[in-house]
$ cat start_36.cif   # mmCIF, C-alpha atoms and all ligand atoms
data_query
loop_
_atom_site.label_atom_id
_atom_site.label_comp_id
_atom_site.auth_asym_id
_atom_site.auth_seq_id
_atom_site.Cartn_x
_atom_site.Cartn_y
_atom_site.Cartn_z
CA MET A 279 -63.96 95.35 -76.05
CA LYS A 280 -62.69 98.58 -77.54
CA LEU A 281 -58.92 98.92 -77.60
CA THR A 282 -59.09 102.20 -75.72
CA GLU A 283 -60.83 100.57 -72.78
CA LYS A 284 -58.61 99.67 -69.86
CA LYS A 285 -58.65 96.17 -68.50
CA THR A 286 -59.92 95.77 -64.94
CA GLN A 287 -57.10 95.08 -62.49
CA LEU A 288 -58.19 92.24 -60.22
CA LYS A 289 -55.12 92.30 -57.96
CA GLY A 290 -55.75 94.64 -55.09
CA LEU A 291 -59.53 94.23 -55.09
CA THR A 292 -60.81 93.25 -51.66
CA LEU A 293 -62.72 89.98 -51.41
CA SER A 294 -66.04 91.80 -51.29
CA ASP A 295 -65.11 93.94 -54.32
CA LEU A 296 -64.10 90.78 -56.21
CA ARG A 297 -67.44 89.14 -55.36
CA ASP A 298 -69.26 92.25 -56.56
CA PHE A 299 -67.19 92.27 -59.72
CA PHE A 300 -68.24 88.71 -60.59
CA SER A 301 -71.86 89.55 -59.77
CA SER A 302 -71.65 92.43 -62.21
CA LEU A 303 -70.55 89.93 -64.88
CA GLY A 304 -73.62 87.83 -64.11
CA GLU A 305 -71.48 85.17 -62.42
CA PRO A 306 -72.01 83.67 -58.97
CA LYS A 307 -70.29 85.60 -56.18
CA PHE A 308 -68.18 82.60 -55.15
CA ARG A 309 -66.13 83.08 -58.31
CA GLY A 310 -64.69 86.03 -56.38
CA ASP A 311 -63.61 83.69 -53.58
CA GLN A 312 -62.04 81.33 -56.08
CA VAL A 313 -60.06 84.05 -57.84
CA PHE A 314 -59.01 85.53 -54.49
CA ASN A 315 -57.70 82.10 -53.51
CA TRP A 316 -55.81 81.74 -56.79
CA ILE A 317 -54.16 85.14 -56.55
CA TYR A 318 -53.21 85.16 -52.87
CA ASN A 319 -52.77 81.49 -51.94
CA HIS A 320 -51.67 79.90 -55.20
CA LEU A 321 -49.93 83.12 -56.27
CA ALA A 322 -51.39 82.77 -59.75
CA ASP A 323 -50.21 85.24 -62.34
CA ASN A 324 -52.66 84.47 -65.08
CA PHE A 325 -56.22 83.30 -65.53
CA ASN A 326 -55.33 80.14 -67.45
CA GLU A 327 -53.98 78.61 -64.23
CA MET A 328 -57.35 78.99 -62.53
CA LYS A 329 -58.52 75.49 -63.38
CA ASN A 330 -61.71 75.51 -61.32
CA LEU A 331 -63.14 78.35 -63.39
CA PRO A 332 -65.10 77.40 -66.52
CA ALA A 333 -63.01 77.78 -69.69
CA THR A 334 -65.44 80.36 -71.08
CA LEU A 335 -65.03 82.52 -67.98
CA ARG A 336 -61.24 82.20 -68.13
CA SER A 337 -61.16 83.44 -71.68
CA LYS A 338 -63.50 86.28 -70.80
CA LEU A 339 -61.22 87.28 -67.92
CA ASN A 340 -58.24 87.19 -70.26
CA GLU A 341 -60.09 89.60 -72.48
CA ILE A 342 -61.37 92.15 -69.94
CA CYS A 343 -59.16 91.79 -66.86
CA THR A 344 -55.50 91.88 -65.96
CA LEU A 345 -53.23 90.73 -63.13
CA ASN A 346 -50.26 92.55 -64.53
CA SER A 347 -48.81 95.21 -62.23
CA LEU A 348 -45.15 95.45 -61.23
CA GLU A 349 -42.10 94.18 -63.04
CA LEU A 350 -38.94 93.36 -61.09
CA LEU A 351 -35.93 95.27 -62.39
CA THR A 352 -33.16 94.36 -59.96
CA THR A 353 -32.45 92.68 -56.65
CA GLN A 354 -29.60 93.77 -54.40
CA LYS A 355 -28.37 91.80 -51.44
CA SER A 356 -26.55 93.34 -48.49
CA ASN A 357 -23.08 91.96 -47.74
CA GLN A 358 -23.43 92.87 -44.06
CA THR A 359 -26.84 91.34 -43.38
CA ASN A 360 -29.21 89.21 -45.41
CA THR A 361 -31.34 92.21 -46.27
CA GLN A 362 -32.48 92.37 -49.89
CA LYS A 363 -33.79 95.32 -51.81
CA PHE A 364 -36.09 94.98 -54.82
CA LEU A 365 -36.47 97.61 -57.47
CA PHE A 366 -39.76 97.45 -59.38
CA LEU A 367 -41.06 99.17 -62.47
CA THR A 368 -44.73 100.15 -62.65
CA THR A 369 -46.63 99.86 -65.94
CA ASP A 370 -46.33 103.64 -66.36
CA LYS A 371 -42.53 103.37 -65.90
CA ASN A 372 -42.16 104.62 -62.36
CA LYS A 373 -39.70 102.93 -60.04
CA ILE A 374 -40.41 101.85 -56.49
CA GLU A 375 -38.59 99.76 -53.91
CA ALA A 376 -39.36 97.13 -51.29
CA VAL A 377 -37.00 95.56 -48.75
CA LEU A 378 -36.96 92.07 -47.25
CA ILE A 379 -35.34 91.85 -43.83
CA PRO A 380 -34.68 88.29 -42.64
CA GLU A 381 -34.23 87.92 -38.89
CA LYS A 382 -33.90 84.97 -36.52
CA ASP A 383 -37.55 84.58 -35.70
CA ARG A 384 -39.23 86.40 -38.57
CA ASN A 385 -38.91 87.80 -42.07
CA THR A 386 -40.21 91.30 -42.51
CA LEU A 387 -41.18 92.81 -45.82
CA CYS A 388 -41.03 96.60 -45.95
CA ILE A 389 -43.36 97.96 -48.65
CA SER A 390 -43.91 101.30 -50.38
CA THR A 391 -47.24 103.09 -50.79
CA GLN A 392 -46.27 106.03 -53.01
CA VAL A 393 -43.84 106.88 -55.79
CA GLY A 394 -41.68 109.27 -53.77
CA CYS A 395 -43.26 111.16 -50.88
CA PRO A 396 -44.81 114.62 -50.53
CA LEU A 397 -43.86 115.15 -46.87
CA ASP A 398 -40.28 116.35 -47.36
CA CYS A 399 -38.90 115.17 -44.01
CA LYS A 400 -35.38 116.57 -43.90
CA PHE A 401 -33.69 113.34 -42.77
CA CYS A 402 -35.35 111.03 -45.31
CA ALA A 403 -33.99 110.17 -48.77
CA THR A 404 -37.47 109.49 -50.12
CA GLY A 405 -38.54 112.96 -49.00
CA LEU A 406 -35.63 114.44 -50.92
CA MET A 407 -36.66 112.77 -54.17
CA GLY A 408 -40.05 114.50 -54.26
CA TYR A 409 -43.45 113.05 -55.04
CA LYS A 410 -44.97 111.51 -58.17
CA ARG A 411 -48.16 109.65 -57.31
CA ASN A 412 -49.97 107.20 -55.06
CA LEU A 413 -49.54 103.50 -55.68
CA SER A 414 -52.65 101.48 -56.46
CA ALA A 415 -53.68 98.68 -54.10
CA ALA A 416 -52.48 96.27 -56.84
CA GLU A 417 -49.02 97.84 -56.78
CA ILE A 418 -48.85 97.70 -52.98
CA ILE A 419 -49.96 94.06 -52.92
CA ASP A 420 -47.74 93.04 -55.82
CA GLN A 421 -44.60 93.88 -53.80
CA TYR A 422 -45.76 91.22 -51.35
CA LEU A 423 -46.82 88.72 -54.04
CA PHE A 424 -43.42 88.99 -55.63
CA ALA A 425 -41.66 88.27 -52.32
CA ALA A 426 -44.10 85.47 -51.51
CA LYS A 427 -43.42 83.82 -54.87
CA ASN A 428 -39.67 84.01 -54.51
CA PHE A 429 -39.19 83.23 -50.85
CA GLY A 430 -42.30 81.20 -50.06
CA LYS A 431 -45.50 82.69 -48.78
CA GLU A 432 -45.04 81.12 -45.35
CA ASN A 433 -41.63 82.79 -45.06
CA ILE A 434 -42.97 86.33 -45.22
CA THR A 435 -44.18 86.68 -41.66
CA ASN A 436 -44.43 90.43 -41.11
CA ILE A 437 -45.30 93.44 -43.21
CA VAL A 438 -44.30 96.99 -42.41
CA TYR A 439 -45.58 99.98 -44.39
CA MET A 440 -42.26 101.78 -43.99
CA GLY A 441 -40.99 101.98 -47.54
CA MET A 442 -41.44 104.98 -49.79
CA GLY A 443 -44.35 107.27 -49.12
CA GLU A 444 -46.89 108.14 -46.46
CA PRO A 445 -49.45 105.33 -46.22
CA LEU A 446 -52.12 107.49 -44.60
CA LEU A 447 -52.03 109.90 -47.55
CA ASN A 448 -52.88 106.93 -49.77
CA PHE A 449 -55.58 105.81 -47.42
CA ASN A 450 -57.95 103.77 -49.58
CA SER A 451 -55.30 101.68 -51.30
CA THR A 452 -53.52 101.15 -48.00
CA LEU A 453 -56.77 100.05 -46.37
CA ASN A 454 -57.66 97.74 -49.26
CA SER A 455 -54.24 96.13 -49.04
CA ILE A 456 -54.69 95.58 -45.29
CA SER A 457 -58.10 94.07 -45.98
CA ILE A 458 -56.49 91.59 -48.38
CA PHE A 459 -53.53 90.71 -46.13
CA THR A 460 -55.76 90.05 -43.13
CA ASN A 461 -58.59 88.26 -44.92
CA GLN A 462 -59.14 84.77 -43.55
CA LEU A 463 -59.24 83.36 -47.05
CA ASN A 464 -55.71 84.68 -47.51
CA LYS A 465 -53.96 82.32 -45.16
CA GLY A 466 -51.01 84.35 -44.11
CA ILE A 467 -50.56 87.50 -42.20
CA SER A 468 -52.46 88.43 -39.12
CA ARG A 469 -53.21 91.98 -38.05
CA ASN A 470 -50.64 92.00 -35.27
CA ARG A 471 -47.87 91.27 -37.79
CA ILE A 472 -48.73 94.31 -39.87
CA THR A 473 -47.42 97.76 -38.98
CA ILE A 474 -48.48 101.02 -40.57
CA SER A 475 -45.96 103.81 -40.07
CA THR A 476 -47.05 107.43 -40.30
CA ALA A 477 -45.50 110.85 -39.96
CA GLY A 478 -48.83 111.94 -38.47
CA ILE A 479 -52.13 112.65 -40.24
CA PRO A 480 -54.51 112.83 -37.26
CA ASN A 481 -57.89 112.43 -39.01
CA LYS A 482 -56.57 109.42 -40.91
CA ILE A 483 -55.15 107.87 -37.75
CA LYS A 484 -58.67 108.03 -36.33
CA GLU A 485 -60.16 106.65 -39.51
CA LEU A 486 -57.72 103.76 -39.39
CA ALA A 487 -58.79 103.12 -35.80
CA ASP A 488 -62.43 103.10 -36.90
CA SER A 489 -61.70 100.73 -39.79
CA GLY A 490 -61.65 97.84 -37.34
CA TYR A 491 -58.49 96.20 -38.71
CA ARG A 492 -56.54 96.80 -35.48
CA VAL A 493 -53.13 96.69 -37.15
CA LYS A 494 -50.10 98.00 -35.29
CA LEU A 495 -49.41 101.68 -35.63
CA ALA A 496 -45.97 103.29 -35.58
CA PHE A 497 -45.69 107.05 -35.31
CA SER A 498 -42.58 108.78 -36.64
CA LEU A 499 -42.00 111.06 -33.70
CA HIS A 500 -38.32 112.05 -33.89
CA SER A 501 -38.86 114.84 -31.40
CA ALA A 502 -41.36 115.45 -28.61
CA PHE A 503 -41.01 119.21 -29.21
CA ASP A 504 -43.10 120.95 -31.88
CA SER A 505 -40.34 123.49 -32.46
CA ILE A 506 -37.89 120.78 -33.52
CA ARG A 507 -40.43 118.69 -35.40
CA ASN A 508 -41.38 121.80 -37.40
CA LYS A 509 -37.79 122.06 -38.58
CA ILE A 510 -37.26 118.47 -39.62
CA MET A 511 -40.81 117.42 -40.55
CA PRO A 512 -42.72 120.20 -42.35
CA ILE A 513 -46.00 118.26 -41.97
CA ASN A 514 -45.86 119.12 -38.25
CA LYS A 515 -46.77 122.73 -39.04
CA LYS A 516 -50.06 121.49 -40.40
CA TYR A 517 -50.67 118.79 -37.79
CA PRO A 518 -48.87 119.62 -34.54
CA LEU A 519 -48.07 117.06 -31.88
CA SER A 520 -51.12 117.81 -29.72
CA GLU A 521 -53.48 116.78 -32.54
CA ASN A 522 -51.46 113.68 -33.29
CA ILE A 523 -51.23 112.63 -29.66
CA GLU A 524 -54.98 112.94 -29.29
CA ALA A 525 -55.45 110.77 -32.40
CA LEU A 526 -52.88 108.23 -31.16
CA LYS A 527 -54.65 107.97 -27.80
CA TYR A 528 -57.86 107.32 -29.69
CA TYR A 529 -56.10 104.66 -31.79
CA ALA A 530 -54.55 102.91 -28.79
CA LYS A 531 -57.84 102.85 -26.93
CA LYS A 532 -60.05 101.80 -29.80
CA THR A 533 -57.74 99.03 -31.03
CA ASN A 534 -56.31 98.03 -27.66
CA THR A 535 -52.79 98.21 -29.07
CA ARG A 536 -49.62 99.95 -28.05
CA ILE A 537 -48.25 102.75 -30.22
CA THR A 538 -44.63 102.54 -31.34
CA PHE A 539 -42.81 105.85 -31.44
CA GLU A 540 -40.05 105.79 -34.04
CA TYR A 541 -37.19 108.01 -33.04
CA THR A 542 -34.28 108.59 -35.41
CA MET A 543 -31.31 109.84 -33.42
CA LEU A 544 -29.96 113.12 -34.76
CA LYS A 545 -26.85 114.52 -33.15
CA LYS A 546 -27.48 117.68 -31.12
CA ILE A 547 -31.03 117.91 -32.48
CA ASN A 548 -33.05 115.39 -30.50
CA ASP A 549 -30.57 113.68 -28.16
CA THR A 550 -30.37 115.97 -25.13
CA GLU A 551 -31.50 115.65 -21.50
CA ALA A 552 -34.44 117.93 -22.28
CA ASP A 553 -35.48 115.48 -25.00
CA ILE A 554 -35.45 112.63 -22.50
CA ARG A 555 -37.70 114.58 -20.13
CA GLN A 556 -40.16 115.58 -22.85
CA LEU A 557 -40.24 112.08 -24.34
CA THR A 558 -40.92 110.60 -20.93
CA LYS A 559 -43.84 112.98 -20.40
CA LEU A 560 -45.25 112.09 -23.77
CA CYS A 561 -44.91 108.32 -23.38
CA ARG A 562 -46.67 108.40 -20.03
CA GLN A 563 -49.81 109.70 -21.72
CA LEU A 564 -50.60 106.54 -23.69
CA PRO A 565 -49.65 102.85 -24.05
CA SER A 566 -46.47 103.13 -26.06
CA LYS A 567 -42.90 102.13 -26.62
CA ILE A 568 -39.98 103.79 -28.36
CA ASN A 569 -38.05 102.34 -31.29
CA ILE A 570 -34.76 104.16 -31.59
CA ILE A 571 -33.21 104.16 -35.06
CA PRO A 572 -29.65 105.37 -35.62
CA PHE A 573 -29.81 107.98 -38.38
CA ASN A 574 -28.91 106.40 -41.72
CA SER A 575 -26.87 108.43 -44.13
CA ILE A 576 -28.69 110.11 -47.02
CA GLU A 577 -25.46 111.21 -48.74
CA HIS A 578 -26.48 109.32 -51.91
CA MET A 579 -29.13 112.02 -52.47
CA ASN A 580 -26.63 114.91 -52.40
CA PRO A 581 -28.56 116.68 -49.65
CA SER A 582 -28.47 120.44 -49.18
CA GLY A 583 -29.60 122.84 -46.45
CA ILE A 584 -30.42 121.32 -43.07
CA SER A 585 -30.47 117.81 -44.61
CA ALA A 586 -26.75 118.11 -45.39
CA GLU A 587 -25.91 118.88 -41.76
CA LEU A 588 -27.61 115.94 -40.10
CA LYS A 589 -25.45 113.40 -38.30
CA THR A 590 -26.29 110.39 -36.21
CA THR A 591 -25.79 110.49 -32.47
CA GLU A 592 -22.78 108.36 -31.46
CA ILE A 593 -23.72 104.80 -30.56
CA GLU A 594 -22.54 105.07 -26.91
CA LYS A 595 -24.70 108.11 -26.48
CA ILE A 596 -27.66 106.30 -28.06
CA TYR A 597 -27.24 103.53 -25.48
CA SER A 598 -27.17 105.97 -22.58
CA PHE A 599 -30.14 107.89 -24.02
CA ALA A 600 -32.09 104.62 -24.13
CA ASP A 601 -31.00 103.64 -20.61
CA LYS A 602 -32.11 106.94 -19.16
CA LEU A 603 -35.53 106.48 -20.73
CA ARG A 604 -35.69 102.94 -19.38
CA ASN A 605 -34.90 104.29 -15.92
CA ASN A 606 -38.08 106.31 -16.32
CA ASN A 607 -39.98 103.07 -17.00
CA ILE A 608 -40.30 103.62 -20.72
CA THR A 609 -39.95 100.59 -23.02
CA VAL A 610 -37.16 101.27 -25.49
CA MET A 611 -35.79 99.20 -28.36
CA ILE A 612 -32.76 100.13 -30.42
CA ARG A 613 -33.33 99.00 -33.97
CA ASP A 614 -30.40 97.42 -35.79
CA THR A 615 -29.57 99.13 -39.00
CA GLN A 616 -30.25 96.75 -41.87
CA GLY A 617 -28.86 97.05 -45.34
CA ASN A 618 -27.02 100.36 -45.11
CA ASP A 619 -24.53 99.23 -47.75
CA ILE A 620 -27.26 98.92 -50.40
CA ALA A 621 -29.22 102.01 -49.30
CA ALA A 622 -32.02 99.75 -48.09
CA ALA A 623 -32.15 100.91 -44.47
CA CYS A 624 -34.87 103.13 -42.96
CA GLY A 625 -35.19 106.36 -44.83
CA GLN A 626 -32.70 105.50 -47.56
CA LEU A 627 -35.11 104.42 -50.28
CA ALA A 628 -35.02 106.83 -53.17
CA ILE A 629 -34.86 106.89 -56.91
CA LYS A 630 -33.61 109.91 -58.70
CA PHE A 631 -36.26 110.92 -61.21
CA LYS A 632 -33.68 112.26 -63.63
N1 LIG A 701 -44.01 108.00 -44.19
C1 LIG A 701 -44.02 107.01 -43.16
C2 LIG A 701 -43.30 105.71 -43.49
C3 LIG A 701 -41.92 105.76 -44.14
S1 LIG A 701 -40.43 105.95 -43.26
C4 LIG A 701 -43.50 107.60 -41.88
O1 LIG A 701 -43.04 108.74 -41.89
O2 LIG A 701 -43.57 106.96 -40.85
C5 LIG A 701 -40.12 104.68 -42.17
C6 LIG A 701 -39.33 105.17 -40.94
O3 LIG A 701 -37.95 105.50 -41.25
C7 LIG A 701 -39.93 106.43 -40.37
O4 LIG A 701 -39.98 106.38 -38.99
C8 LIG A 701 -38.94 107.48 -40.83
O5 LIG A 701 -39.05 108.63 -40.07
C9 LIG A 701 -37.63 106.74 -40.66
N2 LIG A 701 -36.51 107.39 -41.38
C10 LIG A 701 -36.59 108.21 -42.45
N3 LIG A 701 -35.35 108.60 -42.83
C11 LIG A 701 -34.47 108.02 -42.01
C12 LIG A 701 -33.05 108.00 -41.92
N4 LIG A 701 -32.29 108.68 -42.78
N5 LIG A 701 -32.48 107.28 -40.94
C13 LIG A 701 -33.24 106.56 -40.10
N6 LIG A 701 -34.58 106.50 -40.14
C14 LIG A 701 -35.20 107.24 -41.07
#

$ encode --input "start_36.cif" --output "structure tokens" --more "lines below"
Ligand code: SAH
Amino acid sequence: MKLTEKKTQLKGLTLSDLRDFFSSLGEPKFRGDQVFNWIYNHLADNFNEMKNLPATLRSKLNEICTLNSLELLTTQKSNQTNTQKFLFLTTDKNKIEAVLIPEKDRNTLCISTQVGCPLDCKFCATGLMGYKRNLSAAEIIDQYLFAAKNFGKENITNIVYMGMGEPLLNFNSTLNSISIFTNQLNKGISRNRITISTAGIPNKIKELADSGYRVKLAFSLHSAFDSIRNKIMPINKKYPLSENIEALKYYAKKTNTRITFEYTMLKKINDTEADIRQLTKLCRQLPSKINIIPFNSIEHMNPSGISAELKTTEIEKIYSFADKLRNNNITVMIRDTQGNDIAAACGQLAIKFK
């Protein structure tokens, strides 16, 4: 092999891509199944561990392939909850974060799909940091493999794509990672324990529906009015609510799942009686529920403009907002804030580039 040639990354390849890869080497396809099993069930980090591969193949893999992706830089643990935040370094020296949220009946890993985010939502720290690049499927999966290795694979029960970035703008890598998580050979995470969260890319929502994976979909709504969404989520100018709602109806129908509307409470922006009426109208159009999230501070990013003015709705008012929706027969959850003290809560993940 020439030194300039890049080694093939085997992490993040779907099972069928791995089989094809071994075919292309002139090996039987089942070598793909074996390597898949080593990476995702035995959490192998190098080819020497893969004892059921012939020694000649192992040394060939050492020469032309790699499993090296993320390096862990630091771990921070919240003093208030058991939430932990992991800071990783990519091989090209970018930093990304993942968060592990232990709860009574489950442990949820929140993973990133991009370095930064291009969407510039005004309430989100990641939006304020700007955008560098998409993560590869290997980098998405490696966040999970790291957590699985450290906390036990069986202890990571749920995965949410709610870290840095917009998963549907990194569609192929996101889809490949879902394919790996849900593959039967990868004994672990079933489709109804995986949630993709999107700010709303209608054609990709439909494509995800057509993919057949039937994972849960969360839509970052934050207002049922286009006029308000335009102000706090610039992407809404390109893809207004009507287009997203149509795509979400398609998703709900095709996958037979219920859409979760994420709703970050912003004082005097989306917490009025008119908001309750509009939200109710919207929710009645499709199988859905609302997840209310108190707005988490983004002060650590030194926000300016509208971002600097945002405040959370007071907790009593959040409760009454939720109750009024419930009186209209809407299912509403209020999400606990997890890991605020280490900037690990929803929308707080950010790394300053400089
Ligand atoms: N880009 C995707 C996933 C990342 S954000 C999306 O937009 O859905 C995960 C969730 O946290 C989203 O619902 C997002 O709107 C919400 N969020 C962002 N900033 C927040 C903040 N400061 N406080 C509370 N929730 C926030």

$ residues_around --input "start_36.cif" --residues "A:Lys545" --least-positions-apart "4" --cutoff "6 Å" --atoms "only C-alpha atoms" --output "list in words"
Lys589, Thr590 and Thr591 of chain A

$ write_last_selection --input "start_36.cif" --atoms "C-alpha atoms" --output "CSV table (one decimal), in the coordinates of the input"
chain,number,residue,atom,x,y,z
A,589,LYS,CA,-25.4,113.4,-38.3
A,590,THR,CA,-26.3,110.4,-36.2
A,591,THR,CA,-25.8,110.5,-32.5

$ closest_atom_pairs --input "start_36.cif" --of "stretch 426-526 of chain A" --to "stretch 551-566 of chain A" --cutoff "10 Å" --atoms "all atoms listed in the file" --output "JSON lines"
{"residue": "A:Ala496", "atom": "CA", "partner": "A:Ser566", "partner_atom": "CA", "distance": 9.5}
{"residue": "A:Leu499", "atom": "CA", "partner": "A:Leu557", "partner_atom": "CA", "distance": 9.6}
{"residue": "A:His500", "atom": "CA", "partner": "A:Leu557", "partner_atom": "CA", "distance": 9.7}
{"residue": "A:Ser501", "atom": "CA", "partner": "A:Asp553", "partner_atom": "CA", "distance": 7.3}
{"residue": "A:Ala502", "atom": "CA", "partner": "A:Leu557", "partner_atom": "CA", "distance": 5.6}
{"residue": "A:Phe503", "atom": "CA", "partner": "A:Gln556", "partner_atom": "CA", "distance": 7.4}
{"residue": "A:Leu519", "atom": "CA", "partner": "A:Leu560", "partner_atom": "CA", "distance": 9.9}
{"residue": "A:Ile523", "atom": "CA", "partner": "A:Leu560", "partner_atom": "CA", "distance": 8.4}
{"residue": "A:Glu524", "atom": "CA", "partner": "A:Leu564", "partner_atom": "CA", "distance": 9.6}
{"residue": "A:Leu526", "atom": "CA", "partner": "A:Leu564", "partner_atom": "CA", "distance": 8.0}

$ residues_near_ligand --input "start_36.cif" --ligand "ligand LIG 701 (chain A)" --cutoff "8 Å" --atoms "all atoms listed in the file" --output "VMD selection string"
chain A and resid 390 395 397 399 401 to 404 439 to 445 474 to 478 496 to 500 540 to 543 571 to 576 623 to 626

$ atom_distance --input "start_36.cif" --atom1 "atom CA of A:Leu365" --atom2 "atom CA of A:Val313"
27.2 Å

$ closest_residue --input "start_36.cif" --among "A:Ile510, A:Ile456, A:Leu446, A:Leu351" --to "A:Ala586" --atoms "only C-alpha atoms"
A:Ile510

$ closest_residue --input "start_36.cif" --among "A:Thr391, A:Thr359, A:Gln421, A:Asn436" --to "A:Asp619" --atoms "only C-alpha atoms"
A:Thr359

$ closest_residue --input "start_36.cif" --among "A:Phe366, A:Phe459, A:Tyr597, A:Tyr318" --to "A:Gly430" --atoms "all atoms listed in the file"
A:Tyr318

$ axis_aligned_box --input "start_36.cif" --around "stretch 344-361 of chain A" --padding-each-side "6 Å" --output "lines of an AutoDock Vina configuration file"
center_x = -39.3
center_y = 92.3
center_z = -54.7
size_x = 44.4
size_y = 18.2
size_z = 34.6

$ atom_distance --input "start_36.cif" --atom1 "atom CA of A:Gly617" --atom2 "atom CA of A:Gln354"
9.7 Å

$ closest_residue --input "start_36.cif" --among "A:Thr368, A:Thr473, A:Thr452, A:Thr334" --to "A:Glu349" --atoms "only C-alpha atoms"
A:Thr368

$ residues_near_point --input "start_36.cif" --point "(-45.3, 83.4, -55.6)" --cutoff "10 Å" --atoms "only C-alpha atoms" --output "PyMOL selection string"
chain A and resi 317-323+420+422-431

$ residues_around --input "start_36.cif" --residues "stretch 285-292 of chain A" --least-positions-apart "3" --cutoff "7 Å" --atoms "only C-alpha atoms" --output "MDAnalysis selection string"
chainID A and resid 295:296 342:345 415:416 419 454:455 457:458

$ residues_near_point --input "start_36.cif" --point "(-33.5, 100.1, -32.4)" --cutoff "6 Å" --atoms "all atoms listed in the file" --output "list in words"
Asn569, Ile570, Ile571, Met611, Ile612, Arg613 and Asp614 of chain A

$ closest_residue --input "start_36.cif" --among "A:Tyr491, A:Arg536, A:Glu341, A:Pro480" --to "A:Asn461" --atoms "all atoms listed in the file"
A:Tyr491

$ atom_distance --input "start_36.cif" --atom1 "atom CA of A:Leu293" --atom2 "atom CA of A:Gln462"
10.1 Å
